[in-house]
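Source file: input-v4.txt. Holds: compact mmCIF, C-alpha atoms and all ligand atoms.
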# COMPACT_ATOMS: atom_id res chain seq x y z
CA MET A 1 -21.09 21.19 21.04
CA GLN A 2 -18.84 19.25 18.64
CA LYS A 3 -15.73 17.65 20.18
CA LYS A 4 -12.45 18.75 18.62
CA THR A 5 -10.57 15.54 19.36
CA ILE A 6 -11.45 11.96 20.26
CA LYS A 7 -9.40 8.88 21.12
CA CYS A 8 -8.73 6.74 18.04
CA ARG A 9 -10.67 3.47 18.23
CA LEU A 10 -7.80 1.60 16.56
CA CYS A 11 -4.53 2.93 18.02
CA SER A 12 -5.71 5.12 20.96
CA GLY A 13 -3.95 8.16 19.48
CA ALA A 14 -5.58 11.59 19.31
CA ALA A 15 -7.94 12.05 16.36
CA THR A 16 -8.85 15.56 15.21
CA TYR A 17 -12.21 16.70 13.81
CA VAL A 18 -12.08 17.17 10.04
CA PHE A 19 -15.66 17.45 8.74
CA SER A 20 -19.27 16.47 9.33
CA LYS A 21 -21.55 14.57 7.02
CA LYS A 22 -25.22 13.66 7.12
CA LEU A 23 -25.63 9.87 7.43
CA ILE A 24 -28.78 7.86 6.59
CA GLN A 25 -30.32 11.21 5.63
CA LYS A 26 -30.86 11.90 9.30
CA TYR A 27 -27.84 12.44 11.56
CA GLU A 28 -25.10 15.04 11.21
CA VAL A 29 -22.06 12.91 12.08
CA ALA A 30 -18.55 14.13 12.82
CA PHE A 31 -15.48 12.53 11.20
CA PHE A 32 -12.03 12.50 12.81
CA HIS A 33 -8.53 12.02 11.38
CA CYS A 34 -6.13 10.20 13.69
CA ASN A 35 -2.82 12.02 14.07
CA GLN A 36 -1.06 8.78 14.98
CA CYS A 37 -2.28 6.05 12.57
CA GLU A 38 -3.69 8.50 9.98
CA SER A 39 -7.03 6.71 9.72
CA LEU A 40 -10.45 8.36 9.43
CA GLN A 41 -13.33 7.48 11.72
CA THR A 42 -16.80 8.67 12.55
CA GLU A 43 -17.68 9.75 16.05
CA ALA A 44 -18.77 6.78 18.22
CA PRO A 45 -21.58 5.26 16.14
CA TYR A 46 -25.06 5.41 17.67
CA TRP A 47 -27.10 5.06 14.45
CA LEU A 48 -26.13 1.53 13.39
CA ASP A 49 -29.36 -0.20 14.48
CA GLU A 50 -31.26 2.15 12.19
CA ALA A 51 -28.66 1.82 9.42
CA TYR A 52 -28.97 -1.97 9.34
CA GLU A 53 -32.75 -1.99 9.82
CA GLY A 54 -33.31 -1.30 6.16
CA CYS A 55 -30.66 -3.83 5.12
CA LYS A 56 -32.77 -5.37 2.37
CA SER A 57 -34.01 -2.08 0.98
CA ILE A 58 -30.63 -1.26 -0.62
CA PRO A 59 -30.11 -3.83 -3.38
CA ASP A 60 -26.51 -4.98 -3.87
CA ILE A 61 -26.57 -5.39 -7.64
CA ALA A 62 -22.85 -6.14 -7.96
CA THR A 63 -22.77 -9.16 -5.59
CA VAL A 64 -22.26 -11.85 -8.21
CA SER A 65 -19.62 -10.09 -10.30
CA ARG A 66 -17.77 -9.02 -7.12
CA CYS A 67 -17.73 -12.61 -5.84
CA GLN A 68 -16.53 -13.90 -9.22
CA ASN A 69 -13.68 -11.44 -9.20
CA LEU A 70 -12.78 -12.13 -5.55
CA LYS A 71 -12.87 -15.87 -6.09
CA SER A 72 -10.23 -15.57 -8.83
CA ILE A 73 -8.06 -13.29 -6.69
CA VAL A 74 -8.29 -15.54 -3.59
CA TYR A 75 -7.49 -18.54 -5.76
CA MET A 76 -4.32 -16.93 -7.10
CA VAL A 77 -3.27 -15.64 -3.67
CA ALA A 78 -3.81 -19.12 -2.15
CA LYS A 79 -1.68 -20.71 -4.86
CA ILE A 80 1.10 -18.14 -4.46
CA PHE A 81 1.23 -18.93 -0.73
CA GLY A 82 1.25 -22.64 -1.57
CA LEU A 83 -2.04 -23.60 0.11
CA SER A 84 -3.04 -27.20 -0.53
CA SER A 85 -6.59 -28.42 -1.18
CA SER A 86 -6.89 -29.50 2.47
CA ASP A 87 -5.76 -26.16 3.95
CA MET A 88 -8.77 -24.42 5.45
CA ILE A 89 -9.86 -20.89 4.57
CA LEU A 90 -12.40 -18.87 6.56
CA ASP A 91 -14.41 -16.09 4.94
CA TRP A 92 -15.04 -13.71 7.85
CA GLY A 93 -18.29 -11.80 7.36
CA GLY A 94 -19.05 -14.16 4.47
CA GLY A 95 -22.71 -13.08 4.19
CA ASP A 96 -24.98 -15.48 2.33
CA GLY A 97 -22.07 -17.81 1.50
CA LEU A 98 -21.88 -17.12 -2.24
CA LEU A 99 -18.12 -16.45 -2.21
CA THR A 100 -17.51 -19.47 0.06
CA ARG A 101 -19.42 -21.70 -2.37
CA MET A 102 -17.54 -20.26 -5.33
CA MET A 103 -14.21 -20.86 -3.57
CA ARG A 104 -15.20 -24.47 -2.92
CA ASP A 105 -16.21 -24.83 -6.58
CA ALA A 106 -12.67 -23.71 -7.44
CA GLY A 107 -11.17 -26.33 -5.12
CA LEU A 108 -10.44 -24.16 -2.08
CA ASN A 109 -11.44 -25.65 1.29
CA ALA A 110 -13.49 -22.62 2.35
CA TYR A 111 -15.83 -22.03 5.31
CA LEU A 112 -17.68 -18.96 6.46
CA LEU A 113 -18.59 -16.95 9.51
CA ASP A 114 -21.29 -14.30 9.59
CA LYS A 115 -23.12 -13.20 12.71
CA TYR A 116 -25.81 -11.22 10.91
CA ILE A 117 -26.68 -12.73 7.53
CA ARG A 118 -28.18 -16.18 6.97
CA ASN A 119 -25.94 -18.64 5.15
CA HIS A 120 -27.70 -19.72 1.98
CA TYR A 121 -25.12 -21.01 -0.51
CA ALA A 122 -22.63 -22.77 1.76
CA VAL A 123 -24.81 -24.62 4.26
CA GLY A 124 -22.72 -27.15 6.16
CA PHE A 125 -19.54 -25.11 5.85
CA GLU A 126 -19.98 -22.79 8.79
CA ASP A 127 -17.03 -21.91 11.02
CA ARG A 128 -16.24 -23.99 14.08
CA LEU A 129 -13.90 -22.90 16.84
CA THR A 130 -11.97 -26.17 16.48
CA HIS A 131 -11.03 -25.35 12.88
CA ASN A 132 -7.48 -24.23 12.16
CA TYR A 133 -7.42 -21.81 9.27
CA LYS A 134 -4.37 -21.24 7.14
CA MET A 135 -5.98 -18.17 5.61
CA ILE A 136 -8.78 -15.84 6.71
CA THR A 137 -10.41 -13.52 4.19
CA ALA A 138 -12.45 -10.47 5.19
CA PHE A 139 -13.71 -8.48 2.21
CA GLU A 140 -15.48 -5.18 2.85
CA VAL A 141 -15.80 -6.03 6.54
CA LEU A 142 -13.33 -3.93 8.56
CA GLU A 143 -14.92 -0.58 7.64
CA HIS A 144 -18.04 -1.74 9.52
CA PHE A 145 -16.20 -2.25 12.82
CA SER A 146 -17.37 0.14 15.55
CA ASN A 147 -14.44 -0.87 17.69
CA PRO A 148 -11.69 -2.00 15.31
CA GLU A 149 -9.10 -2.53 18.03
CA THR A 150 -11.01 -5.44 19.62
CA GLU A 151 -12.82 -6.65 16.51
CA ILE A 152 -9.57 -7.01 14.54
CA GLU A 153 -8.00 -8.71 17.56
CA ASN A 154 -10.83 -11.29 17.40
CA ILE A 155 -9.77 -12.19 13.86
CA PHE A 156 -6.08 -12.53 14.75
CA LYS A 157 -6.98 -14.69 17.77
CA ARG A 158 -7.77 -17.44 15.25
CA ASN A 159 -4.07 -17.34 14.42
CA PRO A 160 -4.18 -17.56 10.61
CA GLU A 161 -0.93 -17.61 8.65
CA ILE A 162 -2.50 -15.19 6.21
CA LEU A 163 -5.20 -12.56 6.65
CA PHE A 164 -6.41 -11.19 3.34
CA ILE A 165 -8.67 -8.13 3.53
CA SER A 166 -10.18 -5.47 1.33
CA THR A 167 -11.38 -2.12 2.61
CA GLY A 168 -11.23 1.37 1.14
CA LEU A 169 -7.73 2.84 1.39
CA TYR A 170 -7.93 6.21 3.13
CA LYS A 171 -5.50 8.77 1.76
CA SER A 172 -6.90 11.95 3.34
CA GLN A 173 -9.82 12.10 0.90
CA ASP A 174 -12.35 14.83 1.66
CA SER A 175 -16.00 14.62 2.64
CA ASP A 176 -17.01 13.80 -0.96
CA TRP A 177 -15.21 10.45 -0.91
CA GLY A 178 -17.73 7.88 -2.22
CA TYR A 179 -16.54 5.20 0.20
CA LEU A 180 -18.07 7.11 3.11
CA THR A 181 -21.44 5.82 1.81
CA PRO A 182 -23.53 8.35 3.76
CA LEU A 183 -26.84 6.86 2.55
CA SER A 184 -26.18 3.48 4.15
CA GLY A 185 -24.34 4.89 7.21
CA ARG A 186 -22.65 1.54 7.74
CA HIS A 187 -19.02 2.49 7.06
CA VAL A 188 -17.58 3.90 10.26
CA PHE A 189 -13.79 3.35 10.04
CA PHE A 190 -11.40 4.04 7.16
CA TYR A 191 -7.89 2.57 7.17
CA SER A 192 -4.80 4.39 5.92
CA GLU A 193 -1.60 2.62 4.85
CA LYS A 194 -0.09 3.60 8.21
CA SER A 195 -3.00 2.13 10.17
CA ARG A 196 -2.55 -1.16 8.28
CA GLN A 197 1.14 -1.10 9.26
CA HIS A 198 0.06 -0.46 12.86
CA ILE A 199 -2.16 -3.59 12.73
CA ALA A 200 0.61 -5.70 11.17
CA LYS A 201 3.13 -4.60 13.79
CA ARG A 202 0.75 -5.15 16.70
CA PHE A 203 0.05 -8.76 15.73
CA GLY A 204 3.53 -9.59 14.36
CA TYR A 205 2.72 -9.93 10.66
CA GLU A 206 4.32 -8.76 7.42
CA LEU A 207 2.16 -6.59 5.18
CA ILE A 208 1.48 -6.04 1.50
CA THR A 209 -0.98 -3.33 0.50
CA GLU A 210 -2.08 -2.70 -3.06
CA GLN A 211 -5.00 -0.35 -3.61
CA ASN A 212 -7.84 -1.47 -1.27
CA PHE A 213 -6.34 -4.91 -0.64
CA SER A 214 -4.00 -5.80 2.20
CA ILE A 215 -2.41 -9.13 3.01
CA PHE A 216 -1.01 -9.78 6.49
CA TYR A 217 1.25 -12.83 6.47
CA LYS A 218 3.64 -14.57 8.81
CA ASN A 219 6.21 -16.31 6.65
CA THR A 220 8.82 -14.51 4.62
CA LEU A 221 8.16 -14.24 0.90
CA ASP A 222 10.80 -14.22 -1.80
CA PHE A 223 10.91 -11.34 -4.25
CA SER A 224 9.16 -13.17 -7.10
CA ARG A 225 6.16 -14.24 -5.00
CA ARG A 226 5.85 -10.74 -3.54
CA TRP A 227 5.94 -9.29 -7.04
CA LEU A 228 3.30 -11.75 -8.22
CA LEU A 229 1.02 -10.96 -5.25
CA LYS A 230 1.25 -7.26 -6.02
CA LEU A 231 0.39 -7.97 -9.65
CA VAL A 232 -2.65 -10.04 -8.63
CA LEU A 233 -3.89 -7.39 -6.18
CA SER A 234 -3.35 -4.54 -8.62
CA GLY A 235 -5.76 -6.08 -11.16
CA LYS A 236 -3.29 -5.08 -13.88
CA ASN A 237 -2.38 -7.40 -16.72
CA PRO A 238 -5.15 -10.02 -16.29
CA ASN A 239 -4.04 -11.77 -19.50
CA LEU A 240 -0.58 -12.44 -18.09
CA LEU A 241 -2.16 -13.81 -14.90
CA ARG A 242 -4.48 -16.04 -16.93
CA ILE A 243 -1.43 -17.55 -18.67
CA LEU A 244 0.57 -17.88 -15.44
CA PHE A 245 -2.25 -19.68 -13.60
CA TYR A 246 -3.54 -21.65 -16.57
CA PHE A 247 -1.41 -24.68 -15.73
CA VAL A 248 -2.27 -24.75 -12.02
CA PRO A 249 -4.63 -27.75 -11.65
CA LYS A 250 -8.09 -27.00 -10.26
CA GLU A 251 -9.81 -29.76 -8.29
CA SER A 252 -13.37 -28.61 -7.63
CA LEU A 253 -14.97 -29.73 -4.37
CA ILE A 254 -18.46 -29.83 -5.91
CA MET A 255 -18.57 -33.63 -6.27
CA GLN A 256 -17.15 -34.23 -2.80
CA ASP A 257 -19.62 -31.78 -1.22
CA ARG A 258 -22.51 -33.33 -3.12
CA GLU A 259 -21.59 -36.82 -1.94
CA MET A 260 -21.48 -35.62 1.68
CA ALA A 261 -24.90 -33.99 1.32
CA THR A 262 -26.38 -37.12 -0.28
CA LYS A 263 -25.01 -39.30 2.51
CA LYS A 264 -26.62 -37.05 5.13
CA ILE A 265 -29.98 -37.15 3.35
CA LYS A 266 -29.81 -40.97 3.06
CA ASN A 267 -29.13 -41.10 6.79
CA GLY A 268 -32.40 -39.23 7.31
CA GLU A 269 -30.93 -35.91 8.33
CA PRO A 270 -31.84 -33.57 5.47
CA GLY A 271 -32.69 -30.67 7.72
CA LYS A 272 -29.79 -31.06 10.10
CA ILE A 273 -26.69 -30.76 8.02
CA ASN A 274 -23.71 -30.64 10.32
CA TRP A 275 -20.77 -31.84 8.32
CA PRO A 276 -17.27 -32.47 9.58
ZN ZN A 301 -5.25 5.88 15.21

Using C-alpha cells, write down the structure that the file contains.
Ligand SMILES: [Zn+2]
Amino acid sequence: MQKKTIKCRLCSGAATYVFSKKLIQKYEVAFFHCNQCESLQTEAPYWLDEAYEGCKSIPDIATVSRCQNLKSIVYMVAKIFGLSSSDMILDWGGGDGLLTRMMRDAGLNAYLLDKYIRNHYAVGFEDRLTHNYKMITAFEVLEHFSNPETEIENIFKRNPEILFISTGLYKSQDSDWGYLTPLSGRHVFFYSEKSRQHIAKRFGYELITEQNFSIFYKNTLDFSRRWLLKLVLSGKNPNLLRILFYFVPKESLIMQDREMATKKIKNGEPGKINWP
C-alpha cells in the first residue's frame, strides 16, 4: 500500500504524497511534496541501476550548445565575483569534461570531478582533494541526488566561496512537468525556492535564484553586482551583456595547457598525464 507521508531527504520534514508516475516505462513511482522545504521528491529510489544502465541509449543532442551557453554564463559570473585567472573552479559532475575544457579555453582555471563518466576533453585537470576552489559549479546535478542532505554537504565540505548550480525550479508543477523526465528515471529530487534557502541557511551562504539557476555565496555583494548577476542568470538582454563584457580581457589557457602536455610527452609520459 502507498505511504501517505515520508521523511524529506533534504530537510527531514514531513512530505505528503501528491501523485504517481511511471518511470523508465516500468515502475509506478510515488512523488511527495515536502510541507517544510516545499520540494518535490520521488519515493526512495530503487530503480537507478536500471535507469543508468542504458545511459548511452538516450542521445544528449544539446550537449555542445548547452556547454557553450554555460561557459559564457560561468565566465560572466566569475568576472562579477572578481575571480582571477589563477582562482580554481571545480565542475562537479562535469561528465566528459567538455564544459571544463571550454572554460579553460576562455581563461578560467577549471577542473572537473565526475564519479561515473570518463573524462575525455579535460584530461589532466581532474579534481584533487588538495585543491582549494574559489567556485564550484554543478549544472544539472542536484536533481540526481538520492540523498541530497549528505550529497550537498559533500559539496560544501570543499568550502567554496561560491557554489553555482542549475536544477529545475519546482513551483508545485503537476505530474505533467517535463523536468520529471519519466523516460530516463534519473531525476529524483526537485528543489523549490524555499529548499534552496534552506540549503543556504544550513551552510551559512547568501543566495540568489533566477529561474533554474542558484548561486550560493559567502561575501556580501553590492547592489550593482547583484543586479548584474540576476541579469546574467535571467538570459535577458544578451546584447547588453555582450557590450558590458566586451572589454573584459580573455586570456585563454589553451597555449599553457598545450605546453604542459608537450612537456609531459617529451618526458616520456604520454599515457600518464598527471599535471600539477
Ligand atoms: Zn523538505

Near-Asn132 in chain A list (9 Å; only C-alpha atoms; drop same-chain fewer than 6 positions) as a PyMOL selection string: chain A and resi 87-89+158-160

Keeping only C-alpha atoms, take the residues you just selected and write them out as a short mmCIF file (atom, residue, chain, number, x, y, z; two decimals), keeping the file's coordinate frame.
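What landed in out-v9.cif:
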data_model
loop_
_atom_site.label_atom_id
_atom_site.label_comp_id
_atom_site.auth_asym_id
_atom_site.auth_seq_id
_atom_site.Cartn_x
_atom_site.Cartn_y
_atom_site.Cartn_z
CA ASP A 87 -5.76 -26.16 3.95
CA MET A 88 -8.77 -24.42 5.45
CA ILE A 89 -9.86 -20.89 4.57
CA ARG A 158 -7.77 -17.44 15.25
CA ASN A 159 -4.07 -17.34 14.42
CA PRO A 160 -4.18 -17.56 10.61
#

Please enclose the listed atoms of range 92-95 of chain A in an axis-aligned box, pad each side by 6 Å, and write out the centre and the three edge lengths in Å, rounded to one decimal, as lines of an AutoDock Vina configuration file.
center_x = -18.9
center_y = -13.0
center_z = 6.0
size_x = 19.7
size_y = 14.4
size_z = 15.7

field: Selected residue of minimal separation from ligand ZN 301 (chain A) among A:Cys11, A:Met103, A:Ala78, A:Leu142, counting only C-alpha atoms and all ligand atoms
entry: A:Cys11

- request: Report as a ChimeraX atom specification which protein, DNA and RNA residues come within 12 Å of ligand ZN 301 (chain A), using all atoms listed in the file.
  value: /A:5-16,32-41,147-149,189-199

message: Under the rule that only C-alpha atoms are counted, which of A:Leu180, A:Leu253, A:Leu98, A:Cys67 is the nearest residue to Thr42 in chain A?
response: A:Leu180

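Selecting by distance to (-7.2, 0.7, 1.8) with a limit of 6 Å and using all atoms listed in the file, one obtains Thr167, Gly168, Leu169, Tyr170, Tyr191, Gln211 and Asn212 of chain A.
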
Could you list, with a cut-off of 10 Å and counting all atoms listed in the file, the residues of range 163-269 of chain A near range 46-53 of chain A, each shown with its nearest atom pair and the distance in Å rounded to one decimal, rows sorted by chain and ascending number, as a Markdown table?
| residue | atom | partner | partner_atom | distance |
| --- | --- | --- | --- | --- |
| A:Leu183 | CA | A:Ala51 | CA | 8.7 |
| A:Ser184 | CA | A:Ala51 | CA | 6.1 |
| A:Gly185 | CA | A:Ala51 | CA | 5.7 |
| A:Arg186 | CA | A:Ala51 | CA | 6.2 |
| A:His187 | CA | A:Leu48 | CA | 9.6 |
| A:Val188 | CA | A:Leu48 | CA | 9.4 |

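We find CA of Tyr116 in chain A and CA of Gly95 in chain A to be spaced 7.6 Å apart.
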
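Taking CA of Arg118 in chain A and CA of Ile254 in chain A as the two end points, the separation is 21.1 Å.
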
I'd like a table as JSON lines: residues in range 67-107 of chain A with an atom no more than 10 Å from range 229-246 of chain A, each row giving the shortest atom pair and its distance in Å to one decimal, all atoms listed in the file counted, sorted by chain and rising residue number.
{"residue": "A:Asn69", "atom": "CA", "partner": "A:Gly235", "partner_atom": "CA", "distance": 9.8}
{"residue": "A:Ser72", "atom": "CA", "partner": "A:Val232", "partner_atom": "CA", "distance": 9.4}
{"residue": "A:Ile73", "atom": "CA", "partner": "A:Val232", "partner_atom": "CA", "distance": 6.6}
{"residue": "A:Val74", "atom": "CA", "partner": "A:Val232", "partner_atom": "CA", "distance": 9.4}
{"residue": "A:Tyr75", "atom": "CA", "partner": "A:Phe245", "partner_atom": "CA", "distance": 9.5}
{"residue": "A:Met76", "atom": "CA", "partner": "A:Val232", "partner_atom": "CA", "distance": 7.3}
{"residue": "A:Val77", "atom": "CA", "partner": "A:Leu229", "partner_atom": "CA", "distance": 6.5}
{"residue": "A:Ala78", "atom": "CA", "partner": "A:Leu229", "partner_atom": "CA", "distance": 10.0}
{"residue": "A:Lys79", "atom": "CA", "partner": "A:Phe245", "partner_atom": "CA", "distance": 8.8}
{"residue": "A:Ile80", "atom": "CA", "partner": "A:Leu229", "partner_atom": "CA", "distance": 7.2}
{"residue": "A:Phe81", "atom": "CA", "partner": "A:Leu229", "partner_atom": "CA", "distance": 9.2}

Preceding selection exported with C-alpha atoms as a CSV table (one decimal), in the coordinates of the input:
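Result file is selection_32.csv:
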chain,number,residue,atom,x,y,z
A,69,ASN,CA,-13.7,-11.4,-9.2
A,72,SER,CA,-10.2,-15.6,-8.8
A,73,ILE,CA,-8.1,-13.3,-6.7
A,74,VAL,CA,-8.3,-15.5,-3.6
A,75,TYR,CA,-7.5,-18.5,-5.8
A,76,MET,CA,-4.3,-16.9,-7.1
A,77,VAL,CA,-3.3,-15.6,-3.7
A,78,ALA,CA,-3.8,-19.1,-2.2
A,79,LYS,CA,-1.7,-20.7,-4.9
A,80,ILE,CA,1.1,-18.1,-4.5
A,81,PHE,CA,1.2,-18.9,-0.7

- prompt: By how many Å are CA of Val123 in chain A and CA of Thr100 in chain A apart?
  reply: 9.9 Å

query: Can you tell me, as a ChimeraX atom specification, what residues are no more than 9 Å from Ala138 in chain A when counting all atoms listed in the file, ignoring any on the same chain fewer than 5 positions away?
result: /A:90-94,163-167

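Using all atoms listed in the file, the smallest distance between any of A:Ile152, A:Lys26, A:His131, A:Asp105 and Ser85 in chain A comes from A:Asp105.
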
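Nearest to Glu126 in chain A of all the residues A:Glu140, A:Ala110, A:Lys218, A:Val64 is A:Ala110, based on only C-alpha atoms.
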